$ cat work11.txt   # compact mmCIF, C-alpha atoms and all ligand atoms
# COMPACT_ATOMS: atom_id res chain seq x y z
CA ASP A 1 228.96 40.50 -107.86
CA LEU A 2 225.85 42.17 -106.46
CA LYS A 3 226.77 45.72 -107.48
CA GLU A 4 227.39 44.64 -111.05
CA LYS A 5 224.07 42.82 -111.11
CA ILE A 6 222.21 45.88 -109.87
CA ASP A 7 223.98 48.12 -112.40
CA GLY A 8 223.07 45.62 -115.10
CA LEU A 9 219.43 45.58 -114.03
CA GLU A 10 219.27 49.37 -114.03
CA LYS A 11 220.75 49.46 -117.49
CA THR A 12 218.23 47.03 -118.93
CA ALA A 13 215.37 48.76 -117.10
CA LYS A 14 215.75 52.07 -118.91
CA THR A 15 216.97 53.09 -122.33
CA PHE A 16 217.66 56.75 -122.91
CA PRO A 17 217.43 58.80 -126.10
CA GLU A 18 220.79 58.81 -127.86
CA VAL A 19 223.29 61.44 -126.71
CA ARG A 20 226.39 62.59 -128.54
CA PHE A 21 229.72 61.97 -126.87
CA LEU A 22 231.55 65.17 -125.97
CA THR A 23 235.06 65.35 -124.59
CA TYR A 24 235.50 67.03 -121.22
CA LYS A 25 236.73 70.18 -122.94
CA ASP A 26 233.59 70.59 -125.08
CA ARG A 27 231.05 69.47 -122.51
CA LYS A 28 229.28 72.31 -120.72
CA ARG A 29 227.43 72.32 -117.41
CA ILE A 30 224.12 73.97 -118.19
CA LEU A 31 221.35 75.05 -115.83
CA VAL A 32 217.81 75.34 -117.20
CA THR A 33 215.42 76.99 -114.75
CA GLY A 34 211.84 76.04 -115.53
CA GLY A 35 213.33 72.94 -117.17
CA ALA A 36 210.27 70.78 -116.50
CA GLY A 37 207.98 73.21 -118.33
CA PHE A 38 206.85 73.35 -121.94
CA VAL A 39 209.75 75.24 -123.56
CA GLY A 40 212.29 74.22 -120.89
CA SER A 41 211.82 70.49 -121.41
CA HIS A 42 212.31 70.76 -125.19
CA LEU A 43 215.47 72.77 -124.55
CA VAL A 44 216.67 70.13 -122.07
CA ASP A 45 216.15 67.48 -124.78
CA ARG A 46 218.31 69.34 -127.28
CA LEU A 47 221.10 70.15 -124.81
CA MET A 48 221.17 66.56 -123.52
CA MET A 49 221.30 65.10 -127.03
CA GLN A 50 224.22 67.41 -127.79
CA GLY A 51 226.07 65.71 -124.94
CA HIS A 52 226.08 68.43 -122.27
CA GLU A 53 225.52 68.07 -118.53
CA VAL A 54 222.13 69.52 -117.77
CA THR A 55 220.56 70.52 -114.47
CA ALA A 56 216.86 71.39 -114.59
CA ALA A 57 215.57 73.42 -111.65
CA ASP A 58 211.81 73.63 -111.29
CA ASN A 59 209.21 74.04 -108.54
CA PHE A 60 206.59 72.17 -110.62
CA PHE A 61 204.05 74.99 -110.49
CA THR A 62 203.14 74.52 -114.15
CA GLY A 63 205.88 72.09 -115.15
CA ARG A 64 205.71 68.33 -114.78
CA LYS A 65 208.22 65.60 -114.07
CA ARG A 66 206.70 63.70 -117.00
CA ASN A 67 208.14 66.27 -119.44
CA VAL A 68 211.70 65.22 -118.57
CA GLU A 69 210.97 61.69 -117.33
CA HIS A 70 212.94 60.15 -120.21
CA TRP A 71 216.19 61.64 -118.82
CA ILE A 72 215.76 60.78 -115.15
CA GLY A 73 218.58 58.45 -114.16
CA HIS A 74 220.88 59.56 -117.01
CA GLU A 75 224.36 60.37 -115.73
CA ASN A 76 224.39 63.76 -117.52
CA PHE A 77 221.03 64.86 -116.11
CA GLU A 78 219.86 66.20 -112.80
CA LEU A 79 216.39 67.40 -111.81
CA LEU A 80 216.23 69.76 -108.83
CA ASN A 81 212.96 70.45 -107.06
CA HIS A 82 213.85 74.06 -106.41
CA ASP A 83 211.97 77.35 -106.17
CA ILE A 84 214.03 80.00 -107.91
CA VAL A 85 212.92 82.66 -105.41
CA ASN A 86 215.43 80.94 -103.10
CA PRO A 87 219.18 81.23 -103.80
CA LEU A 88 220.85 78.39 -105.65
CA TYR A 89 224.52 77.57 -105.22
CA ILE A 90 225.85 75.29 -107.96
CA GLU A 91 228.71 75.39 -110.48
CA VAL A 92 227.68 75.93 -114.10
CA ASP A 93 228.94 77.39 -117.40
CA GLU A 94 225.62 78.55 -118.87
CA ILE A 95 222.19 79.40 -117.52
CA TYR A 96 218.95 79.42 -119.46
CA HIS A 97 216.60 81.23 -117.09
CA LEU A 98 213.05 80.22 -118.04
CA ALA A 99 211.36 79.78 -114.65
CA SER A 100 208.10 81.75 -114.65
CA PRO A 101 204.48 80.96 -115.30
CA ALA A 102 203.76 81.96 -118.89
CA SER A 103 200.05 81.71 -119.65
CA PRO A 104 197.79 84.56 -118.50
CA PRO A 105 195.56 82.39 -116.22
CA HIS A 106 198.68 80.91 -114.59
CA TYR A 107 200.51 84.17 -114.04
CA MET A 108 197.36 85.91 -112.76
CA TYR A 109 196.60 83.05 -110.36
CA ASN A 110 199.15 84.37 -107.84
CA PRO A 111 200.37 87.76 -109.07
CA VAL A 112 202.67 88.33 -106.10
CA LYS A 113 204.39 85.01 -106.69
CA THR A 114 204.74 85.88 -110.39
CA ILE A 115 206.49 89.11 -109.43
CA LYS A 116 208.78 87.38 -106.92
CA THR A 117 209.70 84.66 -109.42
CA ASN A 118 210.66 87.13 -112.13
CA THR A 119 212.39 89.70 -109.90
CA ILE A 120 213.99 87.87 -106.95
CA GLY A 121 214.37 84.74 -109.08
CA THR A 122 216.20 86.69 -111.80
CA ILE A 123 218.42 88.47 -109.23
CA ASN A 124 219.38 85.05 -107.87
CA MET A 125 220.32 83.78 -111.31
CA LEU A 126 222.31 86.95 -112.01
CA GLY A 127 224.06 86.55 -108.66
CA LEU A 128 224.87 82.97 -109.56
CA SER A 129 226.13 84.04 -113.02
CA LYS A 130 228.28 86.71 -111.42
CA ARG A 131 229.82 84.31 -108.89
CA VAL A 132 230.64 81.46 -111.29
CA ARG A 133 231.13 83.65 -114.40
CA ALA A 134 228.41 81.83 -116.33
CA LYS A 135 226.68 83.20 -119.41
CA MET A 136 223.02 83.83 -118.68
CA LEU A 137 220.07 83.91 -121.08
CA MET A 138 216.83 85.39 -119.74
CA ALA A 139 213.48 84.37 -121.24
CA SER A 140 211.73 87.70 -121.71
CA THR A 141 208.52 88.13 -123.64
CA SER A 142 206.67 90.06 -126.32
CA GLU A 143 204.43 91.15 -123.42
CA ILE A 144 207.04 93.77 -122.55
CA TYR A 145 205.64 95.66 -125.60
CA GLY A 146 202.20 95.63 -123.92
CA ASP A 147 199.29 96.62 -126.17
CA PRO A 148 201.63 97.97 -128.84
CA GLU A 149 201.14 101.26 -130.68
CA VAL A 150 203.94 100.34 -133.09
CA HIS A 151 203.28 97.47 -135.44
CA PRO A 152 205.06 95.13 -136.06
CA GLN A 153 207.33 95.36 -133.01
CA PRO A 154 211.09 95.95 -133.41
CA GLU A 155 213.40 95.64 -130.40
CA GLU A 156 213.83 99.45 -130.36
CA TYR A 157 210.16 99.91 -129.37
CA TRP A 158 209.76 100.76 -125.68
CA GLY A 159 206.28 99.33 -125.31
CA HIS A 160 202.89 100.37 -123.99
CA VAL A 161 202.16 98.59 -120.71
CA ASN A 162 199.52 99.35 -118.10
CA PRO A 163 201.58 99.22 -114.89
CA ILE A 164 198.62 98.41 -112.64
CA GLY A 165 196.44 96.23 -114.88
CA PRO A 166 195.84 92.48 -114.47
CA ARG A 167 198.76 91.60 -116.75
CA ALA A 168 201.20 93.95 -115.00
CA CYS A 169 202.51 91.30 -112.56
CA TYR A 170 203.99 89.52 -115.58
CA ASP A 171 204.73 92.35 -118.02
CA GLU A 172 206.36 94.71 -115.53
CA ALA A 173 208.25 91.92 -113.75
CA LYS A 174 209.70 90.82 -117.10
CA ARG A 175 210.56 94.42 -117.94
CA VAL A 176 212.45 94.88 -114.68
CA ALA A 177 214.08 91.47 -115.20
CA GLU A 178 215.52 92.85 -118.45
CA THR A 179 216.62 96.00 -116.60
CA MET A 180 218.39 93.84 -114.01
CA CYS A 181 220.20 91.86 -116.71
CA TYR A 182 221.67 95.04 -118.18
CA ALA A 183 222.48 96.48 -114.74
CA TYR A 184 224.44 93.31 -113.89
CA GLN A 185 226.09 93.43 -117.29
CA LYS A 186 227.21 97.03 -116.85
CA GLN A 187 228.11 96.94 -113.18
CA GLU A 188 229.32 93.37 -112.66
CA GLY A 189 230.36 92.32 -116.17
CA VAL A 190 227.84 89.48 -116.34
CA ASP A 191 227.54 88.08 -119.87
CA VAL A 192 223.78 88.31 -120.58
CA ARG A 193 221.46 87.34 -123.41
CA VAL A 194 217.83 88.50 -123.57
CA ALA A 195 215.29 86.64 -125.71
CA ARG A 196 211.95 88.38 -126.26
CA ILE A 197 209.81 85.36 -126.95
CA PHE A 198 206.56 85.70 -128.92
CA ASN A 199 203.64 83.23 -128.70
CA THR A 200 204.99 79.70 -128.98
CA PHE A 201 203.11 76.40 -129.14
CA GLY A 202 203.71 72.68 -129.45
CA PRO A 203 203.57 69.33 -127.64
CA ARG A 204 203.89 69.45 -123.81
CA MET A 205 201.98 72.71 -123.54
CA HIS A 206 199.98 72.40 -120.36
CA MET A 207 196.48 70.99 -121.08
CA ASN A 208 194.68 73.51 -118.87
CA ASP A 209 196.95 76.42 -119.44
CA GLY A 210 194.19 78.50 -120.97
CA ARG A 211 196.29 79.73 -123.86
CA VAL A 212 194.58 80.06 -127.17
CA VAL A 213 196.31 77.18 -128.98
CA SER A 214 195.63 74.59 -126.26
CA ASN A 215 192.09 75.88 -125.72
CA PHE A 216 191.07 75.80 -129.38
CA ILE A 217 192.61 72.38 -130.07
CA LEU A 218 191.12 70.74 -126.97
CA GLN A 219 187.73 72.34 -127.59
CA ALA A 220 187.68 71.20 -131.23
CA LEU A 221 188.84 67.68 -130.36
CA GLN A 222 186.03 67.32 -127.81
CA GLY A 223 183.28 68.92 -129.87
CA GLN A 224 182.95 71.79 -127.39
CA ASP A 225 182.36 75.45 -128.21
CA MET A 226 185.52 77.22 -129.35
CA THR A 227 185.77 80.36 -127.21
CA VAL A 228 186.92 83.52 -128.98
CA TYR A 229 187.44 86.37 -126.50
CA GLY A 230 185.94 89.60 -127.86
CA ASP A 231 185.40 90.01 -131.60
CA GLY A 232 188.49 87.94 -132.45
CA HIS A 233 190.00 90.72 -134.56
CA GLN A 234 193.04 90.87 -132.25
CA THR A 235 196.09 89.22 -133.77
CA ARG A 236 198.93 86.95 -132.68
CA SER A 237 201.90 85.38 -134.48
CA PHE A 238 202.64 81.78 -133.53
CA ALA A 239 205.99 80.00 -133.54
CA TYR A 240 206.56 76.27 -133.19
CA VAL A 241 208.56 75.20 -130.16
CA SER A 242 211.48 73.58 -132.07
CA ASP A 243 212.08 76.88 -133.88
CA LEU A 244 212.13 78.73 -130.57
CA VAL A 245 214.60 76.28 -129.04
CA ASP A 246 216.89 76.73 -132.07
CA GLY A 247 216.71 80.48 -131.55
CA LEU A 248 217.48 80.28 -127.83
CA MET A 249 220.54 78.11 -128.47
CA LYS A 250 221.78 80.33 -131.31
CA LEU A 251 221.34 83.41 -129.16
CA MET A 252 223.30 81.83 -126.30
CA ALA A 253 226.11 80.88 -128.69
CA SER A 254 226.22 84.33 -130.33
CA ASN A 255 227.89 87.53 -129.19
CA CYS A 256 224.61 89.44 -129.33
CA THR A 257 223.98 90.97 -125.92
CA GLU A 258 221.10 93.20 -127.02
CA PRO A 259 217.52 91.90 -126.69
CA VAL A 260 216.41 89.73 -129.62
CA ASN A 261 212.84 89.03 -130.75
CA LEU A 262 212.23 85.31 -131.27
CA GLY A 263 208.92 84.65 -132.97
CA ASN A 264 207.23 83.82 -136.24
CA PRO A 265 206.16 86.93 -138.18
CA GLU A 266 203.16 85.13 -139.74
CA GLU A 267 200.23 86.96 -138.15
CA HIS A 268 196.64 85.74 -137.71
CA ARG A 269 193.44 87.18 -136.36
CA ILE A 270 192.27 85.01 -133.46
CA LEU A 271 188.92 84.41 -135.15
CA ASP A 272 190.67 83.20 -138.32
CA PHE A 273 192.93 81.04 -136.18
CA ALA A 274 189.85 79.35 -134.66
CA LYS A 275 188.63 78.62 -138.18
CA ILE A 276 192.01 77.17 -139.17
CA ILE A 277 191.99 74.77 -136.20
CA LYS A 278 188.39 73.81 -136.80
CA GLY A 279 189.21 73.22 -140.46
CA VAL A 280 192.01 70.79 -139.59
CA ILE A 281 190.22 68.89 -136.83
CA GLY A 282 186.74 68.89 -138.35
CA GLY A 283 183.96 67.94 -135.93
CA ASN A 284 180.95 70.00 -135.01
CA SER A 285 182.27 72.63 -132.57
CA ASN A 286 180.72 76.07 -132.80
CA ILE A 287 182.87 79.16 -132.72
CA VAL A 288 181.38 81.38 -130.01
CA HIS A 289 182.32 84.79 -128.62
CA ARG A 290 183.02 85.53 -124.95
CA ASP A 291 183.71 88.82 -123.15
CA PRO A 292 186.89 90.55 -124.29
CA VAL A 293 189.91 90.26 -121.97
CA ILE A 294 191.00 93.41 -120.07
CA ASP A 295 194.17 94.99 -121.55
CA ASP A 296 194.35 92.26 -124.23
CA PRO A 297 197.05 93.31 -126.72
CA GLN A 298 195.22 93.98 -130.00
CA GLN A 299 198.06 93.21 -132.38
CA ARG A 300 201.35 91.39 -132.13
CA ARG A 301 203.97 90.49 -134.69
CA PRO A 302 207.75 90.43 -134.29
CA VAL A 303 210.27 92.19 -136.49
CA ILE A 304 212.99 89.55 -136.74
CA THR A 305 215.66 91.42 -138.70
CA ARG A 306 217.98 91.43 -135.69
CA ALA A 307 217.60 87.67 -135.19
CA LYS A 308 218.34 87.11 -138.87
CA ASN A 309 221.38 89.40 -138.99
CA ARG A 310 222.93 88.80 -135.61
CA ILE A 311 222.22 85.17 -134.80
CA ASP A 312 221.33 83.81 -138.24
CA TRP A 313 217.91 82.63 -137.11
CA ALA A 314 214.48 82.56 -138.72
CA PRO A 315 211.58 80.19 -138.05
CA ALA A 316 211.46 77.19 -140.38
CA VAL A 317 208.45 75.10 -139.36
CA PRO A 318 205.26 75.89 -141.34
CA LEU A 319 202.24 76.63 -139.11
CA MET A 320 200.28 73.60 -140.35
CA ASN A 321 203.09 71.15 -139.54
CA GLY A 322 203.30 72.51 -136.01
CA ILE A 323 199.53 72.51 -135.59
CA ASN A 324 199.28 68.89 -136.74
CA LYS A 325 201.97 67.75 -134.29
CA THR A 326 200.28 69.63 -131.46
CA ILE A 327 196.86 68.17 -132.31
CA GLU A 328 198.41 64.68 -132.25
CA TYR A 329 199.88 65.39 -128.81
CA PHE A 330 196.62 66.65 -127.32
CA ALA A 331 194.63 63.78 -128.83
CA GLN A 332 197.03 61.37 -127.14
CA GLU A 333 196.76 63.26 -123.84
CA LEU A 334 192.95 63.01 -124.02
CA ARG A 335 193.18 59.24 -124.63
CA ARG A 336 195.57 58.89 -121.72
CA LYS A 337 193.20 60.86 -119.47
CA LYS A 338 190.20 58.74 -120.49
CA HIS A 339 192.18 55.57 -119.91
CA SER A 340 193.27 56.60 -116.42
CA GLU A 341 189.71 57.64 -115.54
CA ARG A 342 188.43 54.20 -116.58
CA ASN A 343 190.98 52.36 -114.42
P1 LIG B 401 205.62 76.77 -118.59
O1 LIG B 401 204.63 77.24 -117.59
O2 LIG B 401 205.35 75.50 -119.29
O3 LIG B 401 207.08 76.65 -117.94
C1 LIG B 401 207.53 77.45 -116.90
C2 LIG B 401 208.26 76.56 -115.91
O4 LIG B 401 208.77 77.34 -114.83
C3 LIG B 401 207.35 75.50 -115.30
O5 LIG B 401 207.98 74.25 -115.35
C4 LIG B 401 207.16 75.99 -113.88
O6 LIG B 401 206.88 74.94 -112.98
C5 LIG B 401 208.47 76.70 -113.61
N1 LIG B 401 208.40 77.70 -112.54
C6 LIG B 401 207.48 78.67 -112.36
N2 LIG B 401 207.76 79.38 -111.25
C7 LIG B 401 208.91 78.86 -110.73
C8 LIG B 401 209.69 79.15 -109.59
N3 LIG B 401 209.36 80.13 -108.73
N4 LIG B 401 210.79 78.39 -109.35
C9 LIG B 401 211.12 77.38 -110.19
N5 LIG B 401 210.41 77.06 -111.28
C10 LIG B 401 209.31 77.79 -111.55
O7 LIG B 401 205.81 77.96 -119.63
P2 LIG B 401 206.68 78.06 -120.96
O8 LIG B 401 205.75 78.38 -122.05
O9 LIG B 401 207.57 76.89 -121.10
O10 LIG B 401 207.55 79.35 -120.65
C11 LIG B 401 208.93 79.31 -120.35
C12 LIG B 401 209.49 80.72 -120.30
O11 LIG B 401 209.34 81.36 -121.57
C13 LIG B 401 208.83 81.63 -119.28
O12 LIG B 401 209.80 82.44 -118.66
C14 LIG B 401 207.91 82.49 -120.11
O13 LIG B 401 207.68 83.74 -119.51
C15 LIG B 401 208.68 82.60 -121.41
N6 LIG B 401 207.78 82.86 -122.56
C16 LIG B 401 207.02 81.87 -123.08
C17 LIG B 401 206.16 82.15 -124.16
C18 LIG B 401 205.30 81.09 -124.78
O14 LIG B 401 204.52 81.41 -125.69
N7 LIG B 401 205.38 79.83 -124.40
C19 LIG B 401 206.10 83.44 -124.66
C20 LIG B 401 206.87 84.43 -124.09
C21 LIG B 401 207.73 84.13 -123.03
N1 LIG B 402 223.00 84.00 -105.39
C1 LIG B 402 222.67 82.70 -105.69
N2 LIG B 402 223.68 81.84 -106.05
C2 LIG B 402 224.97 82.23 -106.12
C3 LIG B 402 225.29 83.56 -105.81
C4 LIG B 402 224.29 84.43 -105.46
O1 LIG B 402 221.52 82.31 -105.65
O2 LIG B 402 225.80 81.38 -106.45
C5 LIG B 402 221.92 84.93 -105.04
C6 LIG B 402 222.02 85.45 -103.62
O3 LIG B 402 220.78 85.15 -102.98
C7 LIG B 402 222.17 86.94 -103.77
C8 LIG B 402 221.70 87.23 -105.19
O4 LIG B 402 221.99 86.04 -105.90
O5 LIG B 402 221.33 87.62 -102.89
C9 LIG B 402 222.39 88.39 -105.83
O6 LIG B 402 223.78 88.16 -105.77
P1 LIG B 402 224.80 89.39 -105.68
O7 LIG B 402 226.16 88.81 -105.58
O8 LIG B 402 224.54 90.34 -106.78
O9 LIG B 402 224.33 90.14 -104.39
P2 LIG B 402 224.65 90.01 -102.84
O10 LIG B 402 225.09 88.61 -102.58
O11 LIG B 402 225.70 91.01 -102.64
O12 LIG B 402 223.35 90.34 -102.24
N1 LIG B 403 192.04 83.82 -126.63
C1 LIG B 403 190.78 83.48 -127.10
N2 LIG B 403 190.19 82.34 -126.62
C2 LIG B 403 190.79 81.52 -125.73
C3 LIG B 403 192.09 81.87 -125.24
C4 LIG B 403 192.67 83.05 -125.71
O1 LIG B 403 190.19 84.18 -127.92
O2 LIG B 403 190.21 80.50 -125.35
C5 LIG B 403 192.69 85.04 -127.17
C6 LIG B 403 193.20 86.03 -126.13
O3 LIG B 403 192.19 86.93 -125.76
C7 LIG B 403 194.35 86.68 -126.87
C8 LIG B 403 194.88 85.58 -127.78
O4 LIG B 403 193.83 84.62 -127.89
O5 LIG B 403 193.88 87.73 -127.66
C9 LIG B 403 196.14 84.91 -127.24
O6 LIG B 403 195.91 84.52 -125.92
P1 LIG B 403 196.92 83.65 -125.07
O7 LIG B 403 196.37 83.56 -123.69
O8 LIG B 403 197.20 82.38 -125.77
O9 LIG B 403 198.31 84.44 -125.08
P2 LIG B 403 198.74 85.98 -124.88
O10 LIG B 403 197.53 86.82 -124.64
O11 LIG B 403 199.64 85.95 -123.71
O12 LIG B 403 199.40 86.32 -126.15
$ encode --input "work11.txt" --output "structure tokens" --more "lines below"
Ligand code: NAD
Ligand code: UDP
Ligand code: UDP
Amino acid sequence: DLKEKIDGLEKTAKTFPEVRFLTYKDRKRILVTGGAGFVGSHLVDRLMMQGHEVTAADNFFTGRKRNVEHWIGHENFELLNHDIVNPLYIEVDEIYHLASPASPPHYMYNPVKTIKTNTIGTINMLGLSKRVRAKMLMASTSEIYGDPEVHPQPEEYWGHVNPIGPRACYDEAKRVAETMCYAYQKQEGVDVRVARIFNTFGPRMHMNDGRVVSNFILQALQGQDMTVYGDGHQTRSFAYVSDLVDGLMKLMASNCTEPVNLGNPEEHRILDFAKIIKGVIGGNSNIVHRDPVIDDPQQRRPVITRAKNRIDWAPAVPLMNGINKTIEYFAQELRRKKHSERN
């Protein structure tokens, strides 16, 4: 009859990526806040393919529906247009709390909103975890170490953050978010996990997010100047997104409630990194210097002994493989943009 016909049409209209079948007992209900963002959408992919029920909550500030489009309509998936500063009442077993702008231009765009998202938003997720007894993983950041005086950075390091500088809205809000996790753990018995994420890159990074990987690749692909801020002697250590997602899932599954650094310890000067990207892409971009950024951390590299020992994790994707996949993605995005401008 009609209903069967409509169901049939819907089925032929969309094919989903393959998902594993899980029995009711093994299937978890998982909330991913920031699930339409760069890291969140890759995490959603992995959790969906494992056969879980996934709810992504996102206010689409920097995330996009397109990042999770391939799951929309799947019976195990739900996308909520929700701002995490407002309470959320749902029933879940696990929460990956990733909602927060992540790139410096995005988090500085509306510092007050960045603070609210990471403080009130995190309180809400802890309140939800407390009520439904869900495990909660908070996406913290290497920025909690500030401009570090200890190098490389182990989890024991307390950090060196300017509390009133331009990055403070993010750094200090993430620091207090960690504090809140451990207060809820101690006082309310909430089962928390804290991931201190170091610079991560890959497909679905926002085109205009102003981070160094997207900037350099887009600039090189378009033959524009590659902009190094300051002398370029500052360092970063870059991890590929699939490695990070592995780490987040291993941390959630582990019994490690202490903070864990998740990052790739291979460290590069930003100037050298520009040369690497230019070397791969070719073209005739010039590497140029711009004013240094205020409070820019001068060195950053994770100690990952704890991740290795406690959650059996280490990054596996070589930098060049990740870079090539990311270049492919941005090249495709540029073609898509050109195409839509023509039509
Ligand atoms: P992203 O900007 O792509 O994703 C963040 C997502 O959160 C977006 O989809 C955005 O729309 C959503 N969001 C922002 N404010 C929200 C709000 N108030 N309510 C609901 N949703 C909101 O960034 P990302 O790189 O995927 O980062 C994800 C998480 O990982 C963030 O918490 C970030 O601080 C952390 N992190 C990322 C990196 C990195 O290098 N990518 C490094 C350290 C920490
Ligand atoms: N909260 C939520 N979902 C829930 C339970 C709580 O969003 O399922 C929010 C709610 O807004 C609350 C916050 O989490 O203010 C903190 O919860 P908690 O129980 O710690 O505090 P209280 O409700 O006593 O303020
Ligand atoms: N950076 C740069 N040129 C750019 C963008 C960033 O030289 O076009 C530098 C920036 O000053 C910083 C490093 O690259 O030293 C990483 O910057 P990003 O914004 O990607 O991340 P974060 O500072 O949060 O680590």
$ closest_residue --input "work11.txt" --among "A:Val192, A:Leu22, A:Leu271, A:Val212" --to "Gly230 in chain A" --atoms "only C-alpha atoms"
A:Leu271
$ residues_around --input "work11.txt" --residues "range 127-136 of chain A" --least-positions-apart "2" --cutoff "8 Å" --atoms "all atoms listed in the file" --output "ChimeraX atom specification"
/A:88-97,123-125,138,188-193,252
$ atom_distance --input "work11.txt" --atom1 "CA of Gly146 in chain A" --atom2 "CA of Asp171 in chain A"
7.2 Å
$ closest_residue --input "work11.txt" --among "A:Phe21, A:Tyr184, A:Arg29, A:Ser103" --to "ligand LIG 402 (chain B)" --atoms "all atoms listed in the file"
A:Tyr184
$ atom_distance --input "work11.txt" --atom1 "CA of Val260 in chain A" --atom2 "CA of Gly247 in chain A"
9.5 Å
$ residues_near_ligand --input "work11.txt" --ligand "ligand LIG 403 (chain B)" --cutoff "10 Å" --atoms "all atoms listed in the file" --output "VMD selection string"
chain A and resid 102 to 107 141 to 143 146 167 170 to 171 198 to 201 209 to 219 225 to 238 269 to 271 273 to 274 288 to 300
$ axis_aligned_box --input "work11.txt" --around "ligand LIG 401 (chain B)" --padding-each-side "8 Å" --output "lines of an AutoDock Vina configuration file"
center_x = 207.8
center_y = 79.3
center_z = -117.2
size_x = 22.6
size_y = 26.2
size_z = 33.0
$ closest_atom_pairs --input "work11.txt" --of "chain A" --to "ligand LIG 401 (chain B)" --cutoff "7 Å" --atoms "only C-alpha atoms and all ligand atoms" --output "JSON lines"
{"residue": "A:Thr33", "atom": "CA", "partner": "B:LIG401", "partner_atom": "N5", "distance": 6.1}
{"residue": "A:Gly34", "atom": "CA", "partner": "B:LIG401", "partner_atom": "O4", "distance": 3.4}
{"residue": "A:Gly35", "atom": "CA", "partner": "B:LIG401", "partner_atom": "O5", "distance": 5.8}
{"residue": "A:Ala36", "atom": "CA", "partner": "B:LIG401", "partner_atom": "O5", "distance": 4.3}
{"residue": "A:Gly37", "atom": "CA", "partner": "B:LIG401", "partner_atom": "O5", "distance": 3.2}
{"residue": "A:Phe38", "atom": "CA", "partner": "B:LIG401", "partner_atom": "O9", "distance": 3.7}
{"residue": "A:Val39", "atom": "CA", "partner": "B:LIG401", "partner_atom": "O9", "distance": 3.7}
{"residue": "A:Gly40", "atom": "CA", "partner": "B:LIG401", "partner_atom": "O9", "distance": 5.4}
{"residue": "A:Ala57", "atom": "CA", "partner": "B:LIG401", "partner_atom": "C9", "distance": 6.1}
{"residue": "A:Asp58", "atom": "CA", "partner": "B:LIG401", "partner_atom": "N5", "distance": 3.7}
{"residue": "A:Asn59", "atom": "CA", "partner": "B:LIG401", "partner_atom": "C9", "distance": 4.2}
{"residue": "A:Phe60", "atom": "CA", "partner": "B:LIG401", "partner_atom": "O6", "distance": 3.7}
{"residue": "A:Phe61", "atom": "CA", "partner": "B:LIG401", "partner_atom": "O6", "distance": 3.8}
{"residue": "A:Thr62", "atom": "CA", "partner": "B:LIG401", "partner_atom": "O6", "distance": 3.9}
{"residue": "A:Gly63", "atom": "CA", "partner": "B:LIG401", "partner_atom": "O5", "distance": 3.0}
{"residue": "A:Arg64", "atom": "CA", "partner": "B:LIG401", "partner_atom": "O5", "distance": 6.4}
{"residue": "A:His82", "atom": "CA", "partner": "B:LIG401", "partner_atom": "C9", "distance": 5.7}
{"residue": "A:Asp83", "atom": "CA", "partner": "B:LIG401", "partner_atom": "N4", "distance": 3.5}
{"residue": "A:Ile84", "atom": "CA", "partner": "B:LIG401", "partner_atom": "N4", "distance": 3.9}
{"residue": "A:Val85", "atom": "CA", "partner": "B:LIG401", "partner_atom": "N3", "distance": 5.5}
{"residue": "A:Leu98", "atom": "CA", "partner": "B:LIG401", "partner_atom": "O12", "distance": 4.0}
{"residue": "A:Ala99", "atom": "CA", "partner": "B:LIG401", "partner_atom": "O4", "distance": 3.6}
{"residue": "A:Ser100", "atom": "CA", "partner": "B:LIG401", "partner_atom": "C6", "distance": 3.9}
{"residue": "A:Pro101", "atom": "CA", "partner": "B:LIG401", "partner_atom": "O1", "distance": 4.4}
{"residue": "A:Ala102", "atom": "CA", "partner": "B:LIG401", "partner_atom": "O13", "distance": 4.3}
{"residue": "A:Ser103", "atom": "CA", "partner": "B:LIG401", "partner_atom": "O1", "distance": 6.7}
{"residue": "A:Thr117", "atom": "CA", "partner": "B:LIG401", "partner_atom": "N3", "distance": 4.6}
{"residue": "A:Gly121", "atom": "CA", "partner": "B:LIG401", "partner_atom": "N3", "distance": 6.8}
{"residue": "A:Ala139", "atom": "CA", "partner": "B:LIG401", "partner_atom": "O12", "distance": 4.9}
{"residue": "A:Ser140", "atom": "CA", "partner": "B:LIG401", "partner_atom": "C21", "distance": 5.5}
{"residue": "A:Thr141", "atom": "CA", "partner": "B:LIG401", "partner_atom": "C20", "distance": 4.1}
{"residue": "A:Ser142", "atom": "CA", "partner": "B:LIG401", "partner_atom": "C20", "distance": 6.1}
{"residue": "A:Arg196", "atom": "CA", "partner": "B:LIG401", "partner_atom": "C20", "distance": 6.8}
{"residue": "A:Ile197", "atom": "CA", "partner": "B:LIG401", "partner_atom": "C20", "distance": 4.2}
{"residue": "A:Phe198", "atom": "CA", "partner": "B:LIG401", "partner_atom": "C19", "distance": 4.8}
{"residue": "A:Asn199", "atom": "CA", "partner": "B:LIG401", "partner_atom": "O14", "distance": 3.6}
{"residue": "A:Thr200", "atom": "CA", "partner": "B:LIG401", "partner_atom": "O14", "distance": 3.7}
{"residue": "A:Phe201", "atom": "CA", "partner": "B:LIG401", "partner_atom": "O14", "distance": 6.2}
{"residue": "A:Met205", "atom": "CA", "partner": "B:LIG401", "partner_atom": "O2", "distance": 6.1}
{"residue": "A:His206", "atom": "CA", "partner": "B:LIG401", "partner_atom": "O2", "distance": 6.3}
$ atom_distance --input "work11.txt" --atom1 "CA of Ser285 in chain A" --atom2 "CA of Ile323 in chain A"
17.5 Å
$ closest_residue --input "work11.txt" --among "A:Pro111, A:Pro163, A:Pro87, A:Gly51" --to "ligand LIG 402 (chain B)" --atoms "only C-alpha atoms and all ligand atoms"
A:Pro87
